[in-house]
Amino acid sequence: MRRVKFLPAAVAFAIAFFAFAFLFLAAPVIPDADSYYHLAVAREYASGGYLEALPWARASVLGETFGDKEYLFHVLLAPFASWTDAASGGRLALALLNAAFVAAITAYATRAFGWWSLAVPLWLYVAAPMMTFRLIRLRPELVALLLLLALLRLASERRFAFVAAVAAVFALSYTAFHVVVGLSFLWFCTVWREREWQLPAAAVAGAAAGLLVHPGFPDNLRIWWIQNVVYFLEKGRLDVGNEIAPPTVSLLLLTNLGWWVGLALLWMGARGLRPDRRRFLFTCIAAGVFALLTVAMQRMAVYFVPLATLAAIVRLEARPVRPRARFALALLATAALSLPASVKIYRDLLPDQRYDQGYEADYTAFGKAVPAGAKVAAHWGPAEFYTFFAPQGRYLNVLDPVFMAVRDPELYEVQRRVFDGTAPDVPGAVKRVLDSDYLAFDVTTPLFERVQFDPRVVPLYNGYTFLGRIDAREMHRFVRDWRGYAFASPFEAYVDAARLSRTRCTRLVREETLAEPVTRIYELAPFGPAELRIGEAIRVRAPGVGAMLGKGTRFRVRLGAGTQRFTVTTCPAAGKNGFYLVRRDG
């Protein structure tokens, strides 16, 4: 009988694995840059063992001490990442994790639905896009979700030794080990009359054991503190992703309407029933915790949706007559309400003719262009792709901006201005402040517009990703010898008049002596409005273009022999004041 009970879950696992493997292997890219970062780390583990410091994060805490907060997840990925085609190995690992989740949900639902429990995970994947969008990424939260489902079952069945084991594995696999400890204490409070101290004790002991046996101890505790405490204190000033932002009403309710309606049907079908009190309370508490977290951070939906669904299913188990087909078919019918949003998610996974090379082909070509040991300035997000396709590069930071902000706040602010396109002199900042010889970024960002006409940036690869070398050989094109103004480095060319005044127009002067008459072409690219005078006869007015080279005012002048006096008057805009004057002739 026990074997029959787990047959639906086994069948669900097999069907789901082949379905997801087909889908992910056909996709041009594994969703999310984090997926490739985790594969890159796992590949390093497979070839050389544990990393004491992350080689791709030279300006980050992670470059000093890795303290891998997802150690066991990377160990589990290592066999897949060691394939000749590690990206395909990662796709199959993702298919296995999704299949394991499908099997777990099916196993939970079997008591209430029998063989019709196979419909429950199908309904979830179609009707709850906010969950599905998270599950199709190769991230440690998938393992954390599976461990939480196991913990819930074991705690409700008083199997405390196994609770300790799961807590230990969780602490080795995912950064938020405090969730396991916190849930165990909340569960203990619901059954305090039973004096079940073994539950929180097992969770605390297991989590502590996992932290202590971690090969990076005690650095893993420092990383945990930065990720889970400092991060939330500082996130307001960091360029974090949207996943930690609260979900909109449309995203939370309308996009997942099929799931909400189906969930309501399950609860209505269990009216007046008295389910197993312990299992029901434990499941509701877990679902309630993640409901609050989801309202604060949309990424938590990956836990909230399954747990809220299980709470409704536990109630249905108390029905003397099982719902079986009637409820299962009703759930599938409600999935149609969220079908358009779900179709979009899966469509985005499939090959897209807009990208002729494909994402991975583009990144592969980019990777071949990165020299070994190259110090590359890159934003932490795309750098996660670069770690996989160009592991020979040495970037600034990966995984999260907090790790760079904690190590060097001033350096972090400079790189942030560089990559959001607001730093006027990108090559100068990259070379002098970010200590990098190369620059890499997504060509769809404002940064591409800022550097594409800068003669100091020599393109090495220009596809979906841009790679450029900072080269001083064209520095002679920039007019830099302004009286009373000194550049901070030989690579800087932007005349930052804000050093002289941020609120008033500023005048800078230079003189040049010519042996004979010459004809030149200049570009004046000021941040705010500016005027250039050469002697008394030549006057050029230029509108403010944010100091964007290529968008400035070009002009041809005939300069006579003798001393020529150049005078630039530049006025502030948006708190900045300055200009480029560059020769564009020959």
# chains A, B, ... in the order shown; residues from 1 in each chain; ligands from 1
>>> residues_around(residues="region 490-497 of chain A", least_positions_apart="4", cutoff="8 Å", atoms="only C-alpha atoms", output="list in words")
Pro424, Asp425, Pro427, Gly428, Ala429, Lys431, Arg432, Ala472, Met475, Phe478, Val479, Arg480, Ser501, Arg502, Thr506, Thr570, Asn577, Gly578, Phe579 and Tyr580 of chain A
>>> write_last_selection(atoms="N, CA and C atoms", output="short mmCIF file (atom, residue, chain, number, x, y, z; two decimals), in the first residue's frame")
data_model
loop_
_atom_site.label_atom_id
_atom_site.label_comp_id
_atom_site.auth_asym_id
_atom_site.auth_seq_id
_atom_site.Cartn_x
_atom_site.Cartn_y
_atom_site.Cartn_z
N PRO A 424 30.57 61.21 -16.58
CA PRO A 424 30.94 61.80 -17.88
C PRO A 424 32.18 61.17 -18.49
N ASP A 425 33.19 60.89 -17.67
CA ASP A 425 34.45 60.37 -18.18
C ASP A 425 34.59 58.90 -17.81
N PRO A 427 36.12 56.17 -19.49
CA PRO A 427 37.46 55.57 -19.55
C PRO A 427 38.38 56.05 -18.45
N GLY A 428 38.30 57.34 -18.11
CA GLY A 428 39.14 57.86 -17.03
C GLY A 428 38.82 57.21 -15.70
N ALA A 429 37.52 57.05 -15.40
CA ALA A 429 37.12 56.42 -14.14
C ALA A 429 37.47 54.94 -14.13
N LYS A 431 39.89 53.42 -15.71
CA LYS A 431 41.34 53.21 -15.61
C LYS A 431 41.89 53.64 -14.25
N ARG A 432 41.50 54.82 -13.79
CA ARG A 432 42.10 55.38 -12.57
C ARG A 432 41.46 54.84 -11.30
N ALA A 472 45.41 54.40 -24.49
CA ALA A 472 45.89 55.78 -24.36
C ALA A 472 46.44 56.34 -25.66
N MET A 475 44.88 59.54 -26.93
CA MET A 475 44.71 60.64 -26.00
C MET A 475 45.09 61.99 -26.60
N PHE A 478 42.42 64.70 -27.59
CA PHE A 478 41.71 65.54 -26.64
C PHE A 478 42.52 66.77 -26.29
N VAL A 479 41.85 67.90 -26.22
CA VAL A 479 42.49 69.14 -25.80
C VAL A 479 42.45 69.15 -24.27
N ARG A 480 43.65 69.10 -23.64
CA ARG A 480 43.71 68.92 -22.19
C ARG A 480 44.54 69.99 -21.48
N SER A 501 33.35 75.35 -10.06
CA SER A 501 32.05 75.88 -9.64
C SER A 501 30.93 74.98 -10.14
N ARG A 502 30.02 74.59 -9.23
CA ARG A 502 28.87 73.78 -9.60
C ARG A 502 27.64 74.63 -9.90
N THR A 506 31.61 78.75 -15.91
CA THR A 506 33.05 78.76 -15.66
C THR A 506 33.79 78.97 -16.98
N THR A 570 31.59 77.37 -19.92
CA THR A 570 30.66 76.24 -19.74
C THR A 570 29.78 76.48 -18.53
N ASN A 577 29.04 70.19 -14.43
CA ASN A 577 29.56 71.28 -15.24
C ASN A 577 30.89 70.84 -15.83
N GLY A 578 30.98 70.81 -17.15
CA GLY A 578 32.23 70.40 -17.78
C GLY A 578 32.04 70.16 -19.27
N PHE A 579 33.11 69.69 -19.92
CA PHE A 579 33.05 69.52 -21.38
C PHE A 579 34.21 68.66 -21.87
N TYR A 580 34.03 68.16 -23.08
CA TYR A 580 35.12 67.58 -23.88
C TYR A 580 35.37 68.50 -25.06
#
>>> residues_around(residues="region 143-147 of chain A", least_positions_apart="6", cutoff="7 Å", atoms="only C-alpha atoms", output="list in words")
Phe101, Val166, Phe170, Tyr174 and Tyr303 of chain A
>>> closest_residue(among="A:Thr283, A:Asn98, A:Thr513, A:Thr553", to="Arg134 (chain A)", atoms="only C-alpha atoms")
A:Asn98
>>> residues_around(residues="Asp276 (chain A)", least_positions_apart="4", cutoff="9 Å", atoms="only C-alpha atoms", output="short mmCIF file (atom, residue, chain, number, x, y, z; two decimals) with N, CA and C atoms, in the first residue's frame")
data_model
loop_
_atom_site.label_atom_id
_atom_site.label_comp_id
_atom_site.auth_asym_id
_atom_site.auth_seq_id
_atom_site.Cartn_x
_atom_site.Cartn_y
_atom_site.Cartn_z
N PHE A 280 -1.91 20.93 9.80
CA PHE A 280 -2.57 22.12 9.27
C PHE A 280 -1.96 23.39 9.87
N LEU A 281 -1.74 23.40 11.17
CA LEU A 281 -1.16 24.58 11.81
C LEU A 281 0.26 24.85 11.29
N VAL A 314 -4.18 20.10 2.77
CA VAL A 314 -4.24 19.40 4.06
C VAL A 314 -5.67 19.42 4.61
N ARG A 315 -6.38 20.53 4.42
CA ARG A 315 -7.77 20.59 4.87
C ARG A 315 -8.62 19.57 4.13
N GLU A 317 -7.87 16.77 3.04
CA GLU A 317 -7.62 15.37 3.42
C GLU A 317 -8.66 14.87 4.43
N ALA A 318 -9.32 15.80 5.11
CA ALA A 318 -10.29 15.40 6.13
C ALA A 318 -11.66 15.03 5.55
#
>>> closest_residue(among="A:Ala103, A:Ala287, A:Ala208, A:Val213", to="Leu183 (chain A)", atoms="only C-alpha atoms")
A:Ala287
